[in-house]
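Source file: work-v2.cif. Holds: mmCIF, C-alpha atoms.
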```
data_structure
loop_
_atom_site.group_PDB
_atom_site.id
_atom_site.type_symbol
_atom_site.label_atom_id
_atom_site.label_comp_id
_atom_site.auth_asym_id
_atom_site.auth_seq_id
_atom_site.Cartn_x
_atom_site.Cartn_y
_atom_site.Cartn_z
ATOM 1 C CA MET T 1 -32.363 11.248 -27.502
ATOM 2 C CA LYS T 2 -33.481 10.006 -24.102
ATOM 3 C CA LYS T 3 -30.457 7.715 -23.955
ATOM 4 C CA LEU T 4 -28.129 10.593 -24.822
ATOM 5 C CA VAL T 5 -29.593 12.878 -22.170
ATOM 6 C CA LEU T 6 -29.548 10.082 -19.595
ATOM 7 C CA SER T 7 -25.902 9.391 -20.397
ATOM 8 C CA ALA T 8 -25.110 13.086 -19.991
ATOM 9 C CA LEU T 9 -26.820 13.232 -16.602
ATOM 10 C CA LEU T 10 -25.045 10.096 -15.405
ATOM 11 C CA PHE T 11 -21.724 11.522 -16.548
ATOM 12 C CA VAL T 12 -22.327 14.780 -14.675
ATOM 13 C CA ALA T 13 -23.480 12.965 -11.541
ATOM 14 C CA GLY T 14 -20.431 10.722 -11.597
ATOM 15 C CA SER T 15 -18.149 13.699 -12.051
ATOM 16 C CA ALA T 16 -19.000 14.926 -8.556
ATOM 17 C CA THR T 17 -16.654 12.290 -7.149
ATOM 18 C CA ALA T 18 -14.242 11.849 -10.032
ATOM 19 C CA PHE T 19 -11.496 14.253 -9.031
ATOM 20 C CA ALA T 20 -8.886 13.020 -6.530
ATOM 21 C CA ASP T 21 -6.705 15.772 -5.098
ATOM 22 C CA THR T 22 -4.224 16.515 -2.367
ATOM 23 C CA VAL T 23 -6.040 17.998 0.605
ATOM 24 C CA ILE T 24 -3.007 18.654 2.811
ATOM 25 C CA ALA T 25 0.732 18.171 2.331
ATOM 26 C CA PHE T 26 2.865 18.210 5.479
ATOM 27 C CA SER T 27 6.543 17.988 6.379
ATOM 28 C CA ASP T 28 8.627 17.702 9.537
ATOM 29 C CA LEU T 29 9.960 21.095 10.660
ATOM 30 C CA SER T 30 12.784 19.633 12.727
ATOM 31 C CA SER T 31 16.178 18.413 11.569
ATOM 32 C CA SER T 32 16.294 15.490 13.987
ATOM 33 C CA ASN T 33 14.670 12.062 13.886
ATOM 34 C CA ASN T 34 11.386 12.188 15.812
ATOM 35 C CA VAL T 35 9.692 9.022 14.556
ATOM 36 C CA TYR T 36 10.468 5.915 16.555
ATOM 37 C CA GLY T 37 10.095 2.326 15.376
ATOM 38 C CA VAL T 38 10.521 -0.287 18.108
ATOM 39 C CA ALA T 39 10.818 -3.979 17.227
ATOM 40 C CA THR T 40 9.769 -6.632 19.746
ATOM 41 C CA ALA T 41 8.746 -10.268 19.643
ATOM 42 C CA SER T 42 5.146 -9.191 19.029
ATOM 43 C CA GLY T 43 6.037 -6.973 16.054
ATOM 44 C CA THR T 44 7.035 -3.373 15.381
ATOM 45 C CA GLU T 45 5.334 -0.257 16.701
ATOM 46 C CA ILE T 46 5.970 3.095 15.004
ATOM 47 C CA LYS T 47 4.969 6.341 16.725
ATOM 48 C CA THR T 48 5.834 9.989 17.210
ATOM 49 C CA TYR T 49 7.104 9.584 20.772
ATOM 50 C CA SER T 50 9.611 7.297 22.460
ATOM 51 C CA GLY T 51 8.013 6.936 25.904
ATOM 52 C CA ASN T 52 4.483 6.379 27.131
ATOM 53 C CA THR T 53 3.335 10.005 26.967
ATOM 54 C CA PRO T 54 1.877 10.858 23.539
ATOM 55 C CA GLY T 55 3.734 13.680 21.860
ATOM 56 C CA GLY T 56 3.548 15.306 18.453
ATOM 57 C CA ILE T 57 6.045 16.319 15.795
ATOM 58 C CA ALA T 58 6.044 19.951 14.687
ATOM 59 C CA VAL T 59 4.981 20.030 11.035
ATOM 60 C CA GLY T 60 4.241 22.663 8.458
ATOM 61 C CA PHE T 61 1.288 21.978 6.208
ATOM 62 C CA GLY T 62 -0.804 23.582 3.514
ATOM 63 C CA GLY T 63 -1.559 23.298 -0.175
ATOM 64 C CA GLY T 64 -4.447 21.378 -1.608
ATOM 65 C CA VAL T 65 -6.868 22.341 -4.378
ATOM 66 C CA TYR T 66 -8.737 24.707 -2.072
ATOM 67 C CA GLY T 67 -5.575 26.572 -1.106
ATOM 68 C CA VAL T 68 -5.228 25.466 2.514
ATOM 69 C CA PRO T 69 -3.095 28.251 4.034
ATOM 70 C CA ASN T 70 0.411 27.406 5.187
ATOM 71 C CA THR T 71 0.081 26.638 8.886
ATOM 72 C CA ASN T 72 2.097 24.959 11.605
ATOM 73 C CA GLY T 73 0.731 22.196 13.791
ATOM 74 C CA TYR T 74 1.649 18.891 15.357
ATOM 75 C CA LEU T 75 1.452 15.402 13.880
ATOM 76 C CA THR T 76 0.859 12.403 16.124
ATOM 77 C CA PHE T 77 0.400 8.788 15.106
ATOM 78 C CA ASP T 78 0.752 5.272 16.456
ATOM 79 C CA LEU T 79 1.079 2.341 14.046
ATOM 80 C CA LYS T 80 1.335 -1.317 15.015
ATOM 81 C CA SER T 81 2.230 -4.238 12.772
ATOM 82 C CA THR T 82 -0.555 -6.733 12.160
ATOM 83 C CA GLY T 83 1.521 -9.712 11.053
ATOM 84 C CA ASN T 84 5.011 -10.913 10.284
ATOM 85 C CA ALA T 85 7.128 -9.045 7.773
ATOM 86 C CA THR T 86 7.748 -10.738 4.432
ATOM 87 C CA SER T 87 11.272 -10.750 3.084
ATOM 88 C CA ILE T 88 11.933 -10.312 -0.636
ATOM 89 C CA PRO T 89 15.334 -11.834 -1.476
ATOM 90 C CA SER T 90 17.911 -9.350 -2.789
ATOM 91 C CA PHE T 91 15.408 -6.512 -2.405
ATOM 92 C CA GLY T 92 13.959 -5.822 1.032
ATOM 93 C CA GLY T 93 10.572 -6.605 2.479
ATOM 94 C CA TYR T 94 7.165 -5.397 3.569
ATOM 95 C CA GLN T 95 4.873 -5.533 6.582
ATOM 96 C CA SER T 96 1.240 -4.563 7.258
ATOM 97 C CA PHE T 97 0.418 -1.876 9.818
ATOM 98 C CA GLN T 98 -2.665 -0.354 11.385
ATOM 99 C CA GLY T 99 -3.288 2.751 13.464
ATOM 100 C CA ASP T 100 -4.457 6.357 13.486
ATOM 101 C CA PHE T 101 -3.063 9.847 13.095
ATOM 102 C CA LYS T 102 -3.864 13.460 13.997
ATOM 103 C CA ILE T 103 -2.727 16.897 12.948
ATOM 104 C CA THR T 104 -3.650 19.295 15.741
ATOM 105 C CA SER T 105 -2.779 22.729 17.085
ATOM 106 C CA ASN T 106 -1.294 21.329 20.316
ATOM 107 C CA ALA T 107 1.687 19.008 20.669
ATOM 108 C CA ASP T 108 -0.187 16.420 22.750
ATOM 109 C CA GLY T 109 -2.920 15.793 20.180
ATOM 110 C CA THR T 110 -5.362 18.281 21.686
ATOM 111 C CA GLY T 111 -6.648 21.682 20.553
ATOM 112 C CA THR T 112 -7.957 22.325 17.066
ATOM 113 C CA VAL T 113 -8.113 19.099 15.053
ATOM 114 C CA TYR T 114 -7.060 19.926 11.498
ATOM 115 C CA ALA T 115 -7.315 16.316 10.284
ATOM 116 C CA ALA T 116 -7.617 12.977 12.051
ATOM 117 C CA SER T 117 -8.556 9.356 11.501
ATOM 118 C CA SER T 118 -10.216 7.018 13.965
ATOM 119 C CA GLY T 119 -10.968 3.359 14.420
ATOM 120 C CA LEU T 120 -7.545 2.174 13.198
ATOM 121 C CA ALA T 121 -8.399 3.627 9.809
ATOM 122 C CA LEU T 122 -4.775 4.120 8.764
ATOM 123 C CA THR T 123 -4.249 0.652 7.329
ATOM 124 C CA GLY T 124 -1.518 -0.151 4.844
ATOM 125 C CA THR T 125 1.793 -1.749 4.068
ATOM 126 C CA ILE T 126 5.264 -0.429 4.778
ATOM 127 C CA VAL T 127 7.638 -1.308 1.959
ATOM 128 C CA GLY T 128 11.393 -0.848 2.108
ATOM 129 C CA VAL T 129 14.564 -1.713 0.233
ATOM 130 C CA ASN T 130 17.502 -3.293 2.053
ATOM 131 C CA GLY T 131 19.898 -0.583 3.146
ATOM 132 C CA ALA T 132 17.629 2.281 2.031
ATOM 133 C CA ALA T 133 17.487 5.403 4.187
ATOM 134 C CA SER T 134 13.730 5.817 3.722
ATOM 135 C CA PHE T 135 10.555 3.792 3.203
ATOM 136 C CA VAL T 136 6.828 4.463 2.968
ATOM 137 C CA LEU T 137 3.457 3.455 4.367
ATOM 138 C CA ASP T 138 1.109 2.780 1.470
ATOM 139 C CA THR T 139 -2.488 3.082 2.681
ATOM 140 C CA THR T 140 -4.718 0.398 1.205
ATOM 141 C CA SER T 141 -8.076 1.093 2.842
ATOM 142 C CA ALA T 142 -10.447 3.990 2.297
ATOM 143 C CA THR T 143 -10.863 6.097 5.421
ATOM 144 C CA ASP T 144 -13.282 8.740 6.600
ATOM 145 C CA LEU T 145 -11.438 11.656 8.136
ATOM 146 C CA THR T 146 -12.601 14.401 10.463
ATOM 147 C CA GLY T 147 -11.173 17.830 11.163
ATOM 148 C CA THR T 148 -11.535 21.451 10.182
ATOM 149 C CA LEU T 149 -9.629 21.008 6.909
ATOM 150 C CA VAL T 150 -11.523 17.993 5.570
ATOM 151 C CA THR T 151 -15.125 18.824 6.506
ATOM 152 C CA GLY T 152 -17.619 21.410 5.378
ATOM 153 C CA GLY T 153 -18.556 19.864 2.031
ATOM 154 C CA GLN T 154 -15.347 20.595 0.151
ATOM 155 C CA PHE T 155 -14.232 16.980 0.073
ATOM 156 C CA VAL T 156 -15.917 13.606 0.226
ATOM 157 C CA GLY T 157 -14.535 10.142 0.963
ATOM 158 C CA PRO T 158 -12.712 8.001 0.433
ATOM 159 C CA PHE T 159 -9.677 9.680 1.893
ATOM 160 C CA GLY T 160 -6.120 8.412 1.892
ATOM 161 C CA VAL T 161 -3.014 9.180 3.906
ATOM 162 C CA SER T 162 0.606 8.577 2.944
ATOM 163 C CA LEU T 163 3.582 8.673 5.288
ATOM 164 C CA HIS T 164 7.167 8.787 4.073
ATOM 165 C CA PHE T 165 9.788 7.817 6.634
ATOM 166 C CA ALA T 166 12.968 9.560 5.470
ATOM 167 C CA SER T 167 16.578 9.503 6.693
ATOM 168 C CA ALA T 168 15.911 6.330 8.667
ATOM 169 C CA SER T 169 18.671 5.310 11.034
ATOM 170 C CA PRO T 170 19.687 2.567 10.877
ATOM 171 C CA THR T 171 18.633 1.931 7.296
ATOM 172 C CA PHE T 172 15.695 -0.318 6.423
ATOM 173 C CA GLY T 173 16.002 -3.982 7.288
ATOM 174 C CA LEU T 174 14.191 -6.906 8.883
ATOM 175 C CA THR T 175 14.967 -8.729 12.093
ATOM 176 C CA THR T 176 13.748 -11.990 13.640
ATOM 177 C CA ILE T 177 12.827 -12.029 17.339
ATOM 178 C CA SER T 178 11.578 -15.216 18.997
ATOM 179 C CA GLY T 179 10.834 -16.671 15.580
ATOM 180 C CA ASN T 180 8.845 -13.644 14.355
ATOM 181 C CA THR T 181 10.173 -11.484 11.498
ATOM 182 C CA THR T 182 9.506 -7.756 11.689
ATOM 183 C CA ILE T 183 10.944 -4.395 10.591
ATOM 184 C CA LYS T 184 13.940 -3.669 12.802
ATOM 185 C CA SER T 185 14.019 -0.709 15.188
ATOM 186 C CA PHE T 186 14.770 2.692 13.660
ATOM 187 C CA SER T 187 14.272 6.429 13.978
ATOM 188 C CA SER T 188 13.428 8.847 11.167
ATOM 189 C CA ILE T 189 11.799 12.084 10.092
ATOM 190 C CA VAL T 190 8.424 12.073 8.343
ATOM 191 C CA THR T 191 6.631 13.787 5.481
ATOM 192 C CA GLY T 192 3.291 12.949 3.942
ATOM 193 C CA SER T 193 -0.035 14.019 2.536
ATOM 194 C CA VAL T 194 -3.783 13.585 2.868
ATOM 195 C CA THR T 195 -5.727 13.013 -0.338
ATOM 196 C CA GLY T 196 -9.451 13.228 -0.914
ATOM 197 C CA THR T 197 -12.065 13.626 -3.599
ATOM 198 C CA ALA T 198 -12.913 17.251 -4.249
ATOM 199 C CA VAL T 199 -16.514 18.231 -4.930
ATOM 200 C CA PRO T 200 -16.599 20.612 -7.942
ATOM 201 C CA GLU T 201 -17.833 24.133 -7.255
ATOM 202 C CA PRO T 202 -21.477 24.699 -8.338
ATOM 203 C CA SER T 203 -20.436 26.893 -11.280
ATOM 204 C CA THR T 204 -18.010 24.275 -12.575
ATOM 205 C CA PHE T 205 -20.589 21.559 -12.068
ATOM 206 C CA ALA T 206 -23.219 23.547 -13.996
ATOM 207 C CA LEU T 207 -20.888 24.342 -16.900
ATOM 208 C CA LEU T 208 -19.898 20.699 -17.155
ATOM 209 C CA GLY T 209 -23.547 19.682 -17.222
ATOM 210 C CA PHE T 210 -24.493 22.223 -19.893
ATOM 211 C CA GLY T 211 -21.512 21.225 -22.014
ATOM 212 C CA VAL T 212 -22.294 17.515 -21.972
ATOM 213 C CA ALA T 213 -26.028 18.120 -22.494
ATOM 214 C CA GLY T 214 -25.236 20.428 -25.433
ATOM 215 C CA LEU T 215 -23.039 17.773 -27.001
ATOM 216 C CA ALA T 216 -25.843 15.239 -26.646
ATOM 217 C CA PHE T 217 -28.345 17.626 -28.266
ATOM 218 C CA ALA T 218 -25.969 18.390 -31.172
ATOM 219 C CA THR T 219 -25.550 14.677 -31.824
ATOM 220 C CA TYR T 220 -29.318 14.251 -31.769
ATOM 221 C CA ARG T 221 -29.797 17.083 -34.340
ATOM 222 C CA GLN T 222 -27.187 15.572 -36.646
ATOM 223 C CA ARG T 223 -28.950 12.221 -36.533
ATOM 224 C CA LYS T 224 -32.327 13.855 -37.200
ATOM 225 C CA VAL T 225 -31.041 15.792 -40.226
ATOM 226 C CA ALA T 226 -29.347 12.697 -41.607
ATOM 227 C CA SER T 227 -32.546 10.673 -41.307
ATOM 228 C CA ALA T 228 -34.513 13.373 -43.163
ATOM 229 C CA VAL T 229 -32.200 13.333 -46.185
#
```

Taking this structure as input, can you express it in the form of structure tokens?
Amino acid sequence: MKKLVLSALLFVAGSATAFADTVIAFSDLSSSNNVYGVATASGTEIKTYSGNTPGGIAVGFGGGVYGVPNTNGYLTFDLKSTGNATSIPSFGGYQSFQGDFKITSNADGTGTVYAASSGLALTGTIVGVNGAASFVLDTTSATDLTGTLVTGGQFVGPFGVSLHFASASPTFGLTTISGNTTIKSFSSIVTGSVTGTAVPEPSTFALLGFGVAGLAFATYRQRKVASAV
């Protein structure tokens, strides 16, 4: 019986971090390409502005398991490649990137911070197919996020962020500059999402605990009756 109860408690405790959900889904509100990828001999940098003054892309966002209201804000990010791109014959290629992002109320990354990463937490691999009009950043490291929409006890880490570069012009491809292979320069629009682990509401948590504990007790009673026969 002790083993059954212990198993039930461990199951309930583990369930607190067992549900991965979309926290925020966002999409570019413009019809023009506002993401800029610039290839140089040192690699490719991808950001939401073409000059040296940080600027954001107007995005609409909302959704998530806690019903984040539909709101407009600005997305800013700066990603830099961390090594040469690898070509896959007759397919395309991939390249590792690192950087950070913000969704804020102001276009320059200031104001209310809805969600943001820090410390080059946005680490992943951009994968593309030769000639494709879009490609994605696949985050591979767990990140802790800050911001009004990801704090307050509703979600716990690890968090993840995905970026989808759509309608890329020119289409995806690799280039070699001074002996280094990297994703060639492009412009695109962007969509994406932030995912996290939702903490169940207390009522849900309690019902789950009672249900598992009840199942354990029922199993114990069946075993006790069987042993008495």

Practice task
Taking the file as shown, find all residues satisfying the PyMOL selection byres ((chain T and resi 97) around 9) and write them as a ChimeraX atom specification.
Solution key: /T:44-45,79-83,95-96,98-99,122-126,137

May I have the residues from that selection written out with C-alpha atoms, as an mmCIF file, in the coordinates of the input?
```cif
data_model
loop_
_atom_site.group_PDB
_atom_site.id
_atom_site.type_symbol
_atom_site.label_atom_id
_atom_site.label_comp_id
_atom_site.auth_asym_id
_atom_site.auth_seq_id
_atom_site.Cartn_x
_atom_site.Cartn_y
_atom_site.Cartn_z
ATOM 1 C CA THR T 44 7.035 -3.373 15.381
ATOM 2 C CA GLU T 45 5.334 -0.257 16.701
ATOM 3 C CA LEU T 79 1.079 2.341 14.046
ATOM 4 C CA LYS T 80 1.335 -1.317 15.015
ATOM 5 C CA SER T 81 2.230 -4.238 12.772
ATOM 6 C CA THR T 82 -0.555 -6.733 12.160
ATOM 7 C CA GLY T 83 1.521 -9.712 11.053
ATOM 8 C CA GLN T 95 4.873 -5.533 6.582
ATOM 9 C CA SER T 96 1.240 -4.563 7.258
ATOM 10 C CA GLN T 98 -2.665 -0.354 11.385
ATOM 11 C CA GLY T 99 -3.288 2.751 13.464
ATOM 12 C CA LEU T 122 -4.775 4.120 8.764
ATOM 13 C CA THR T 123 -4.249 0.652 7.329
ATOM 14 C CA GLY T 124 -1.518 -0.151 4.844
ATOM 15 C CA THR T 125 1.793 -1.749 4.068
ATOM 16 C CA ILE T 126 5.264 -0.429 4.778
ATOM 17 C CA LEU T 137 3.457 3.455 4.367
#
```

Handout entry: Gly147 of chain T surroundings by all atoms listed in the file, 12 Å radius, close-in-sequence under 2 positions cut, as a PyMOL selection string
Key = chain T and resi 23-24+101-105+111-118+144-145+149-153+155+194

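Separating atom CA of Thr181 of chain T from atom CA of Val35 of chain T is a distance of 20.7 Å.
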
Exercise for the section: Would you translate the PyMOL selection byres ((chain T and resi 164-168) around 10) into the concrete set of residues it matches in this file, as a PyMOL selection string? Expected result: chain T and resi 27+32-33+35-37+126+128+131-138+162-163+169-172+185-193

Practice task
Tell me, in Å to one decimal, how far atom CA of Ile183 of chain T is from atom CA of Tyr94 of chain T.
Solution key: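 Rounded to one decimal, the two atoms are 8.0 Å apart.
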
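The residue that comes closest to Gly119 of chain T, out of T:Gly60, T:Asp100, T:Thr182, T:Ala107 and on the basis of all atoms listed in the file, is T:Asp100.
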
Practice task
Kindly give the distance, in Å, that separates atom CA of Gly56 of chain T and atom CA of Thr175 of chain T, rounded to a single decimal.
Solution key: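 Separation of atom CA of Gly56 of chain T and atom CA of Thr175 of chain T: 27.4 Å.
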
Practice task
Using all atoms listed in the file, pick whichever of T:Thr140, T:Ala121, T:Thr22, T:Ile88 has the shortest atom-to-atom distance to Gly62 of chain T.
Solution key: T:Thr22

Handout entry: Selected residue, from T:Val129, T:Gly92, T:Gly109, T:Ser31, that lies nearest to Tyr74 of chain T when counting all atoms listed in the file
Key = T:Gly109

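Across T:Thr176, T:Thr76, T:Thr146, T:Asn70, the tightest approach to Ser42 of chain T is made by T:Thr176 when counting all atoms listed in the file.
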
Practice task
Using only C-alpha atoms, pick whichever of T:Gly173, T:Pro158, T:Gly93, T:Gly73 has the shortest atom-to-atom distance to Phe61 of chain T.
Solution key: T:Gly73

Practice task
Run the PyMOL selection byres ((chain T and resi 47) around 6) against the file shown and list the residues it catches, as JSON, numbers by chain.
Solution key: {"T": [35, 36, 46, 48, 49, 77, 78]}

Exercise for the section: Measuring atom to atom with all atoms listed in the file, identify which of T:Thr195, T:Ser141, T:Gly51, T:Thr148 is nearest to Val161 of chain T. Expected result: T:Thr195
